[in-house]
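Asks: Supplied structure: my_file_17.txt, compact mmCIF, C-alpha atoms.
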# COMPACT_ATOMS: atom_id res chain seq x y z
CA MET A 1 118.91 107.17 165.38
CA ASP A 2 117.75 104.91 162.56
CA GLU A 3 114.09 105.08 163.54
CA SER A 4 113.93 108.88 163.18
CA PRO A 5 111.28 110.02 160.70
CA PRO A 6 112.37 111.08 157.21
CA LEU A 7 113.38 114.74 157.10
CA SER A 8 111.50 115.52 153.90
CA PRO A 9 109.08 113.80 151.55
CA PRO A 10 110.76 111.05 149.51
CA SER A 11 111.88 112.09 146.05
CA PRO A 12 111.98 109.86 142.96
CA THR A 13 115.79 109.74 142.97
CA SER A 14 116.69 108.99 146.59
CA PRO A 15 114.86 108.39 149.85
CA THR A 16 116.92 111.09 151.58
CA GLU A 17 117.37 113.69 148.84
CA ARG A 18 115.67 117.00 149.59
CA PRO A 19 113.69 119.16 147.15
CA PRO A 20 115.74 121.53 144.97
CA ILE A 21 114.66 124.52 147.06
CA ALA A 22 116.97 123.33 149.87
CA TYR A 23 120.00 123.17 147.58
CA ASP A 24 119.02 126.45 145.89
CA LEU A 25 119.29 128.28 149.20
CA LEU A 26 123.07 127.95 148.95
CA LEU A 27 123.18 129.81 145.62
CA SER A 28 120.56 132.36 146.72
CA ARG A 29 122.52 133.86 149.61
CA ARG A 30 124.00 137.13 148.38
CA SER A 31 125.58 140.07 150.17
CA ILE A 32 122.75 142.56 150.85
CA ARG A 33 123.77 146.05 151.90
CA ARG A 34 120.47 147.97 151.64
CA TYR A 35 117.57 147.34 153.99
CA GLU A 36 113.96 148.40 154.44
CA ASP A 37 113.05 150.63 157.39
CA ARG A 38 111.45 147.72 159.25
CA LEU A 39 112.40 145.87 162.43
CA VAL A 40 113.34 142.18 162.48
CA PRO A 41 111.01 140.33 164.89
CA ASP A 42 112.66 138.66 167.89
CA GLU A 43 111.26 135.30 166.84
CA LEU A 44 113.30 135.46 163.64
CA VAL A 45 116.42 136.46 165.57
CA THR A 46 116.04 133.27 167.60
CA ARG A 47 115.72 131.22 164.43
CA LEU A 48 118.89 132.79 163.03
CA LEU A 49 120.75 131.83 166.19
CA GLU A 50 119.28 128.31 166.21
CA ALA A 51 120.70 127.81 162.72
CA ALA A 52 124.06 129.31 163.67
CA MET A 53 124.32 126.94 166.65
CA ALA A 54 123.57 123.95 164.40
CA ALA A 55 127.01 124.29 162.77
CA PRO A 56 129.68 121.67 163.32
CA SER A 57 132.68 122.50 165.55
CA ALA A 58 136.01 120.86 166.38
CA SER A 59 135.37 118.17 169.03
CA ASN A 60 131.86 119.69 169.24
CA GLU A 61 133.26 122.42 171.49
CA GLN A 62 130.72 125.01 170.24
CA PRO A 63 133.16 127.82 171.12
CA TRP A 64 130.77 130.60 170.14
CA HIS A 65 128.77 133.54 171.45
CA PHE A 66 126.50 135.94 169.58
CA VAL A 67 126.01 139.60 170.47
CA VAL A 68 122.67 140.84 169.11
CA ILE A 69 122.55 144.61 168.65
CA SER A 70 119.42 146.63 167.97
CA ARG A 71 120.20 149.86 169.91
CA ARG A 72 120.48 152.59 167.32
CA GLU A 73 123.45 154.37 168.95
CA LEU A 74 125.49 151.16 168.99
CA LEU A 75 124.65 150.42 165.34
CA ASP A 76 125.63 153.96 164.40
CA GLU A 77 128.90 153.82 166.34
CA LEU A 78 129.89 150.53 164.68
CA SER A 79 128.95 151.97 161.27
CA GLU A 80 131.27 154.93 161.89
CA ARG A 81 134.22 153.01 163.29
CA HIS A 82 134.32 149.93 161.01
CA PRO A 83 135.66 150.93 157.57
CA TYR A 84 133.20 148.81 155.57
CA ALA A 85 130.09 148.65 157.76
CA GLY A 86 128.41 151.91 156.73
CA MET A 87 125.26 149.94 155.96
CA LEU A 88 124.71 149.61 159.74
CA ARG A 89 123.35 153.16 159.70
CA GLU A 90 120.37 151.73 157.82
CA ALA A 91 120.21 148.19 159.25
CA PRO A 92 117.84 147.57 162.17
CA LEU A 93 120.00 144.77 163.58
CA CYS A 94 123.56 143.50 163.77
CA ILE A 95 124.72 140.12 165.03
CA VAL A 96 128.34 139.72 166.13
CA PRO A 97 129.56 136.08 166.14
CA CYS A 98 132.45 135.68 168.60
CA GLY A 99 134.91 132.96 169.64
CA ASP A 100 135.48 132.12 173.32
CA LEU A 101 139.13 131.30 174.06
CA ASP A 102 138.12 129.72 177.38
CA LEU A 103 136.04 127.09 175.53
CA VAL A 104 138.90 125.75 173.35
CA PRO A 105 142.09 123.82 174.17
CA GLU A 106 145.43 125.53 174.78
CA GLY A 107 147.80 125.49 171.83
CA VAL A 108 147.32 125.03 168.11
CA SER A 109 144.07 123.03 168.39
CA GLY A 110 142.54 126.06 170.07
CA GLU A 111 142.81 127.88 166.75
CA TYR A 112 140.04 125.78 165.19
CA TRP A 113 137.59 128.24 166.78
CA VAL A 114 137.98 130.53 163.74
CA GLN A 115 136.67 127.81 161.42
CA ASP A 116 133.91 126.83 163.86
CA VAL A 117 132.59 130.38 164.23
CA ALA A 118 132.94 130.96 160.47
CA ALA A 119 130.77 127.88 159.81
CA ALA A 120 128.21 129.16 162.34
CA THR A 121 128.29 132.57 160.62
CA GLN A 122 127.66 130.98 157.22
CA ASN A 123 124.66 129.14 158.70
CA LEU A 124 123.40 132.47 160.07
CA LEU A 125 123.64 134.12 156.64
CA LEU A 126 121.85 131.20 154.99
CA ALA A 127 119.11 131.15 157.63
CA ALA A 128 118.53 134.85 157.00
CA THR A 129 118.13 134.16 153.28
CA ALA A 130 115.67 131.33 154.04
CA LEU A 131 113.61 133.67 156.25
CA GLY A 132 113.48 136.51 153.72
CA LEU A 133 116.20 138.62 155.37
CA GLY A 134 119.41 140.07 153.95
CA THR A 135 122.89 140.11 155.48
CA VAL A 136 126.52 140.88 154.69
CA TRP A 137 129.69 139.52 156.38
CA CYS A 138 131.96 142.39 157.53
CA GLY A 139 135.38 141.12 158.63
CA VAL A 140 136.81 141.89 162.09
CA HIS A 141 139.24 139.18 163.35
CA PRO A 142 142.20 138.89 162.74
CA ARG A 143 142.65 142.67 162.27
CA PRO A 144 143.64 143.78 165.80
CA GLU A 145 142.38 147.36 165.46
CA ARG A 146 138.91 146.13 164.48
CA VAL A 147 138.85 143.52 167.26
CA ASP A 148 139.79 146.20 169.82
CA MET A 149 137.21 148.65 168.47
CA VAL A 150 134.33 146.13 168.59
CA ARG A 151 135.36 145.02 172.08
CA GLU A 152 135.36 148.64 173.25
CA VAL A 153 131.97 149.55 171.71
CA LEU A 154 130.23 146.41 173.01
CA GLY A 155 132.10 145.83 176.30
CA ILE A 156 133.38 142.44 175.16
CA PRO A 157 135.97 140.79 177.50
CA SER A 158 139.52 140.06 176.37
CA ARG A 159 139.05 136.26 176.13
CA ILE A 160 136.16 136.74 173.68
CA VAL A 161 137.13 137.50 170.06
CA PRO A 162 134.57 139.12 167.73
CA LEU A 163 134.94 137.36 164.36
CA CYS A 164 132.83 139.67 162.20
CA LEU A 165 129.82 142.00 162.09
CA VAL A 166 126.66 140.74 160.38
CA PRO A 167 124.16 143.52 159.60
CA VAL A 168 120.63 142.06 159.20
CA GLY A 169 117.50 143.55 157.70
CA TYR A 170 114.69 143.11 155.21
CA PRO A 171 116.35 143.51 151.80
CA ALA A 172 115.89 146.74 149.87
CA GLU A 173 117.91 145.30 146.98
CA GLN A 174 117.61 141.99 145.15
CA LYS A 175 120.33 139.91 143.58
CA PRO A 176 119.91 136.72 141.55
CA PRO A 177 121.24 133.34 142.75
CA ARG A 178 124.71 132.50 141.48
CA THR A 179 127.74 130.26 141.88
CA GLN A 180 131.26 131.42 141.13
CA PHE A 181 132.25 127.86 140.15
CA ASP A 182 135.57 127.78 138.33
CA PRO A 183 136.80 124.42 136.99
CA ALA A 184 140.40 125.69 137.31
CA ARG A 185 139.96 125.45 141.10
CA VAL A 186 139.14 121.72 140.97
CA HIS A 187 141.89 119.10 141.11
CA ARG A 188 141.35 115.36 140.74
CA ASP A 189 143.17 112.72 142.81
CA GLY A 190 146.02 115.08 143.70
CA TRP A 191 147.20 118.54 142.69
CA MET B 1 119.56 144.04 140.29
CA ASP B 2 116.09 145.12 141.42
CA GLU B 3 114.41 143.78 138.31
CA SER B 4 115.68 140.22 138.90
CA PRO B 5 112.88 137.63 139.18
CA PRO B 6 111.82 136.38 142.64
CA LEU B 7 113.99 133.47 143.81
CA SER B 8 111.10 131.29 144.98
CA PRO B 9 107.31 131.24 144.86
CA PRO B 10 105.76 133.98 147.04
CA SER B 11 104.75 132.85 150.52
CA PRO B 12 101.87 134.29 152.57
CA THR B 13 104.26 136.03 155.01
CA SER B 14 106.81 137.70 152.75
CA PRO B 15 107.50 137.99 149.05
CA THR B 16 111.07 136.75 149.54
CA GLU B 17 110.69 134.21 152.34
CA ARG B 18 111.49 130.65 151.26
CA PRO B 19 109.59 127.49 152.22
CA PRO B 20 110.54 125.91 155.56
CA ILE B 21 112.45 123.13 153.79
CA ALA B 22 115.21 125.64 152.95
CA TYR B 23 115.67 126.71 156.57
CA ASP B 24 115.38 123.09 157.77
CA LEU B 25 118.42 122.13 155.72
CA LEU B 26 120.56 124.02 158.24
CA LEU B 27 119.35 121.87 161.14
CA SER B 28 119.44 118.66 159.08
CA ARG B 29 123.17 118.65 158.37
CA ARG B 30 124.77 116.18 160.77
CA SER B 31 128.19 114.55 160.87
CA ILE B 32 127.87 111.25 158.98
CA ARG B 33 130.69 108.75 159.42
CA ARG B 34 129.23 105.58 157.86
CA TYR B 35 128.56 105.27 154.14
CA GLU B 36 126.96 102.84 151.70
CA ASP B 37 129.15 100.96 149.26
CA ARG B 38 128.05 103.15 146.36
CA LEU B 39 129.85 105.72 144.22
CA VAL B 40 128.90 109.41 144.17
CA PRO B 41 128.09 110.45 140.56
CA ASP B 42 130.33 113.13 139.04
CA GLU B 43 127.31 115.33 138.40
CA LEU B 44 126.69 115.55 142.15
CA VAL B 45 130.36 116.31 142.81
CA THR B 46 130.00 119.31 140.49
CA ARG B 47 126.92 120.48 142.38
CA LEU B 48 128.78 120.22 145.69
CA LEU B 49 131.55 122.41 144.29
CA GLU B 50 129.09 124.90 142.78
CA ALA B 51 127.60 125.37 146.24
CA ALA B 52 131.03 125.66 147.87
CA MET B 53 132.04 128.35 145.38
CA ALA B 54 128.86 130.31 146.13
CA ALA B 55 130.21 131.23 149.57
CA PRO B 56 131.17 134.80 150.42
CA SER B 57 134.85 135.73 150.73
CA ALA B 58 136.83 138.74 151.91
CA SER B 59 136.91 141.30 149.05
CA ASN B 60 135.43 138.47 146.95
CA GLU B 61 138.92 137.01 146.56
CA GLN B 62 137.61 133.42 146.34
CA PRO B 63 140.96 132.13 147.67
CA TRP B 64 140.00 128.47 147.38
CA HIS B 65 140.79 125.21 145.60
CA PHE B 66 139.19 121.78 145.99
CA VAL B 67 141.00 118.49 145.60
CA VAL B 68 138.53 115.71 144.76
CA ILE B 69 139.79 112.24 145.64
CA SER B 70 138.22 108.98 144.54
CA ARG B 71 141.32 106.78 144.09
CA ARG B 72 141.06 104.06 146.68
CA GLU B 73 144.76 104.02 147.59
CA LEU B 74 144.73 107.76 148.32
CA LEU B 75 141.58 107.47 150.44
CA ASP B 76 143.16 104.58 152.35
CA GLU B 77 146.44 106.43 152.91
CA LEU B 78 144.61 109.51 154.25
CA SER B 79 142.49 107.27 156.49
CA GLU B 80 145.66 105.74 157.97
CA ARG B 81 147.61 108.94 158.43
CA HIS B 82 144.92 111.35 159.74
CA PRO B 83 144.08 110.48 163.35
CA TYR B 84 140.31 110.97 162.98
CA ALA B 85 139.59 110.12 159.35
CA GLY B 86 139.27 106.34 159.61
CA MET B 87 135.88 106.62 157.88
CA LEU B 88 137.76 107.29 154.61
CA ARG B 89 138.40 103.56 154.38
CA GLU B 90 134.65 103.20 153.71
CA ALA B 91 133.92 106.53 151.93
CA PRO B 92 133.94 106.53 148.10
CA LEU B 93 135.02 110.16 147.94
CA CYS B 94 136.91 112.86 149.82
CA ILE B 95 136.98 116.58 149.03
CA VAL B 96 139.85 118.67 150.40
CA PRO B 97 139.08 122.42 150.56
CA CYS B 98 142.33 124.42 150.43
CA GLY B 99 143.40 128.07 150.73
CA ASP B 100 145.71 129.66 148.14
CA LEU B 101 148.17 132.10 149.74
CA ASP B 102 148.92 133.61 146.31
CA LEU B 103 145.28 134.74 145.98
CA VAL B 104 145.19 136.81 149.21
CA PRO B 105 146.93 140.03 150.27
CA GLU B 106 150.20 140.05 152.19
CA GLY B 107 149.89 140.63 155.93
CA VAL B 108 147.05 140.22 158.39
CA SER B 109 144.25 140.63 155.80
CA GLY B 110 145.61 137.56 154.06
CA GLU B 111 144.51 135.52 157.05
CA TYR B 112 140.82 135.92 156.15
CA TRP B 113 141.28 132.95 153.82
CA VAL B 114 140.62 130.59 156.76
CA GLN B 115 137.14 132.05 157.25
CA ASP B 116 136.46 132.13 153.50
CA VAL B 117 137.38 128.48 152.98
CA ALA B 118 135.49 127.50 156.16
CA ALA B 119 132.34 129.19 154.78
CA ALA B 120 132.83 127.35 151.47
CA THR B 121 133.27 124.08 153.39
CA GLN B 122 130.04 124.67 155.33
CA ASN B 123 128.24 125.24 152.01
CA LEU B 124 129.71 121.98 150.72
CA LEU B 125 128.44 120.04 153.76
CA LEU B 126 124.97 121.60 153.40
CA ALA B 127 124.83 120.89 149.66
CA ALA B 128 125.66 117.26 150.39
CA THR B 129 122.76 117.09 152.86
CA ALA B 130 120.44 118.66 150.28
CA LEU B 131 121.50 116.06 147.70
CA GLY B 132 121.05 113.05 149.99
CA LEU B 133 124.75 112.65 150.78
CA GLY B 134 126.58 112.49 154.12
CA THR B 135 129.81 114.23 155.15
CA VAL B 136 131.99 114.97 158.14
CA TRP B 137 134.51 117.83 158.65
CA CYS B 138 137.95 116.45 159.64
CA GLY B 139 140.32 119.23 160.77
CA VAL B 140 143.74 119.72 159.14
CA HIS B 141 144.93 123.39 159.26
CA PRO B 142 146.34 124.83 161.53
CA ARG B 143 147.97 121.59 162.81
CA PRO B 144 151.30 121.63 160.92
CA GLU B 145 151.83 117.86 160.96
CA ARG B 146 148.44 117.28 159.33
CA VAL B 147 149.01 120.02 156.75
CA ASP B 148 152.37 118.47 155.83
CA MET B 149 150.92 114.96 155.65
CA VAL B 150 148.04 115.96 153.34
CA ARG B 151 150.42 117.97 151.13
CA GLU B 152 152.71 114.95 150.85
CA VAL B 153 149.96 112.43 150.03
CA LEU B 154 148.28 114.68 147.43
CA GLY B 155 151.31 116.53 146.00
CA ILE B 156 149.96 119.92 147.13
CA PRO B 157 152.38 122.89 146.69
CA SER B 158 153.66 124.88 149.66
CA ARG B 159 151.56 127.99 148.92
CA ILE B 160 148.37 125.91 149.06
CA VAL B 161 147.06 125.06 152.55
CA PRO B 162 144.64 122.15 152.99
CA LEU B 163 142.00 123.33 155.49
CA CYS B 164 140.27 120.01 156.19
CA LEU B 165 139.26 116.62 154.78
CA VAL B 166 135.60 116.10 153.89
CA PRO B 167 134.69 112.41 153.37
CA VAL B 168 131.52 112.14 151.23
CA GLY B 169 129.19 109.20 150.65
CA TYR B 170 125.62 107.97 150.71
CA PRO B 171 124.73 107.79 154.41
CA ALA B 172 124.60 104.39 156.14
CA GLU B 173 123.48 106.08 159.36
CA GLN B 174 120.70 108.58 160.01
CA LYS B 175 120.59 111.36 162.57
CA PRO B 176 117.66 113.67 163.31
CA PRO B 177 117.82 117.43 162.70
CA ARG B 178 118.90 119.47 165.69
CA THR B 179 120.16 122.81 166.93
CA GLN B 180 122.47 123.18 169.89
CA PHE B 181 120.96 126.59 170.67
CA ASP B 182 121.94 127.79 174.14
CA PRO B 183 120.45 131.08 175.38
CA ALA B 184 123.54 131.60 177.60
CA ARG B 185 125.51 132.22 174.39
CA VAL B 186 123.30 135.14 173.36
CA HIS B 187 124.03 138.69 174.55
CA ARG B 188 121.82 141.72 173.89
CA ASP B 189 123.16 145.18 173.02
CA GLY B 190 126.59 144.46 174.51
CA TRP B 191 128.22 141.74 176.60
Translate this file's structure into structure tokens.
Replies:
Amino acid sequence: MDESPPLSPPSPTSPTERPPIAYDLLLSRRSIRRYEDRLVPDELVTRLLEAAMAAPSASNEQPWHFVVISRRELLDELSERHPYAGMLREAPLCIVPCGDLDLVPEGVSGEYWVQDVAAATQNLLLAATALGLGTVWCGVHPRPERVDMVREVLGIPSRIVPLCLVPVGYPAEQKPPRTQFDPARVHRDGW
Amino acid sequence: MDESPPLSPPSPTSPTERPPIAYDLLLSRRSIRRYEDRLVPDELVTRLLEAAMAAPSASNEQPWHFVVISRRELLDELSERHPYAGMLREAPLCIVPCGDLDLVPEGVSGEYWVQDVAAATQNLLLAATALGLGTVWCGVHPRPERVDMVREVLGIPSRIVPLCLVPVGYPAEQKPPRTQFDPARVHRDGW
């Protein structure tokens, strides 16, 4: 691995530090709920999923699937039946990250899939920001009525758990980068 | 919000698309388990936490805390008592993202904290990559014996749940960027 080429041009401060634009991506991702009337090209969908599947996972189990929805009647049905996904009536695309209970161990270690798929979802949101797209994370699991509804609309089997809905589109609203850093949430060398 | 300035210089393809280096960050984050014998400056620790606290959360509850550990005896004790965190004997720093059960609703909606803190953790790992640092995600919650152990070592109260341990240091190993994209995990307009 050591002979791999550097990932970015060297900076004055460190041979491996990346330009500020890479760090700034993390503050630039905002929840975008209004979209232009414009389709998202398939090539960008693939890049979103490549980023999602670059996330870490417990024991590298990669316990994820992604349902990509562009059929208008499915988007409309989800928008009507999820209490906070009305923006899907306007969005040209929705991605549904799911966990696969057959890809994780039995017992408590199997529950890491939630964190794994959440990390993959966060990568998906950030990739969208990097590619000029907007997204918002609409919660599904662990609310059983939402899990059942999404399974029913999309024909998802019982061993597959939809984690959330991610509407995707070209942003029709802009929000500035921000952190919500709060020093009261930081503890040093113990609580 | 619409009058906010553009977040990055305009590109030829889209007024909001960011340079490739931003997207590439997502593929460049790898699990790094060997570190140089070199401290991480406090200023960078703050930037890691600013990125973590830029993550989305259910109803924007921000149900997180971060315990920052640099005391050698605490790092050593965690390295001995967590089955897969031996690299903490070498790491100069460990950050412990936690959920706060007093900051979330009662009942099933309270369980979204796991996804919220996982998204914040993924931001933390990506920020480290952007700043030339290496990290690895060592699972704690939901394994009760690991949660209890981390609470005991760090004096964490019972309503605070440590999600994971994140050793941080300057990388002493390099790994190339990669996705683990698998087209079999992608489903179109239903399962």
Asks: Would you mind listing, as an MDAnalysis selection string, all residues of chain A that have at least one atom within 6 Å of chain B, where all atoms listed in the file are what counts?
Replies: chainID A and resid 1:2 16:18 22:23 26:27 50:51 53:54 65:69 115 118:119 122 127 130:132 154:156 173:175 179:181 185:191
Asks: Hey, can you spit out that residue selection with C-alpha atoms as a compact mmCIF listing (two decimals), in the frame of the given file?
Replies:
# COMPACT_ATOMS: atom_id res chain seq x y z
CA MET A 1 118.91 107.17 165.38
CA ASP A 2 117.75 104.91 162.56
CA THR A 16 116.92 111.09 151.58
CA GLU A 17 117.37 113.69 148.84
CA ARG A 18 115.67 117.00 149.59
CA ALA A 22 116.97 123.33 149.87
CA TYR A 23 120.00 123.17 147.58
CA LEU A 26 123.07 127.95 148.95
CA LEU A 27 123.18 129.81 145.62
CA GLU A 50 119.28 128.31 166.21
CA ALA A 51 120.70 127.81 162.72
CA MET A 53 124.32 126.94 166.65
CA ALA A 54 123.57 123.95 164.40
CA HIS A 65 128.77 133.54 171.45
CA PHE A 66 126.50 135.94 169.58
CA VAL A 67 126.01 139.60 170.47
CA VAL A 68 122.67 140.84 169.11
CA ILE A 69 122.55 144.61 168.65
CA GLN A 115 136.67 127.81 161.42
CA ALA A 118 132.94 130.96 160.47
CA ALA A 119 130.77 127.88 159.81
CA GLN A 122 127.66 130.98 157.22
CA ALA A 127 119.11 131.15 157.63
CA ALA A 130 115.67 131.33 154.04
CA LEU A 131 113.61 133.67 156.25
CA GLY A 132 113.48 136.51 153.72
CA LEU A 154 130.23 146.41 173.01
CA GLY A 155 132.10 145.83 176.30
CA ILE A 156 133.38 142.44 175.16
CA GLU A 173 117.91 145.30 146.98
CA GLN A 174 117.61 141.99 145.15
CA LYS A 175 120.33 139.91 143.58
CA THR A 179 127.74 130.26 141.88
CA GLN A 180 131.26 131.42 141.13
CA PHE A 181 132.25 127.86 140.15
CA ARG A 185 139.96 125.45 141.10
CA VAL A 186 139.14 121.72 140.97
CA HIS A 187 141.89 119.10 141.11
CA ARG A 188 141.35 115.36 140.74
CA ASP A 189 143.17 112.72 142.81
CA GLY A 190 146.02 115.08 143.70
CA TRP A 191 147.20 118.54 142.69
Asks: Using Å and a single decimal, report how far CA of Asn60 in chain A sits from CA of Asp102 in chain A.
Replies: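 So the answer is 14.4 Å.
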Asks: How far is it from CA of Val168 in chain B to CA of Gly134 in chain B, in Å with one decimal?
Replies: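 Result for CA of Val168 in chain B versus CA of Gly134 in chain B: 5.7 Å, one decimal.
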Asks: Between CA of Asp100 in chain A and CA of Val147 in chain A, what is the distance, to one decimal in Å?
Replies: 13.3 Å
Asks: Of the candidates B:Pro41, B:Pro162, B:Pro167, B:Pro105, which shows the shortest atom-to-atom distance to Gly86 in chain B, using all atoms listed in the file?
Replies: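 Answer, going by the shortest atom-to-atom distance: B:Pro167.
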Asks: Just checking: using all atoms listed in the file, which residue out of B:Glu73, B:Glu61, B:Glu80, B:Glu106 ends up closest to Pro92 in chain B?
Replies: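 The closest residue to Pro92 in chain B is B:Glu73.
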Asks: Mind checking which residues fall within 8 Å of Met87 in chain B, counting all atoms listed in the file, ignoring those fewer than 5 positions away in the same chain, and posting them as number ranges by chain?
Replies: B: 33-34, 79, 167
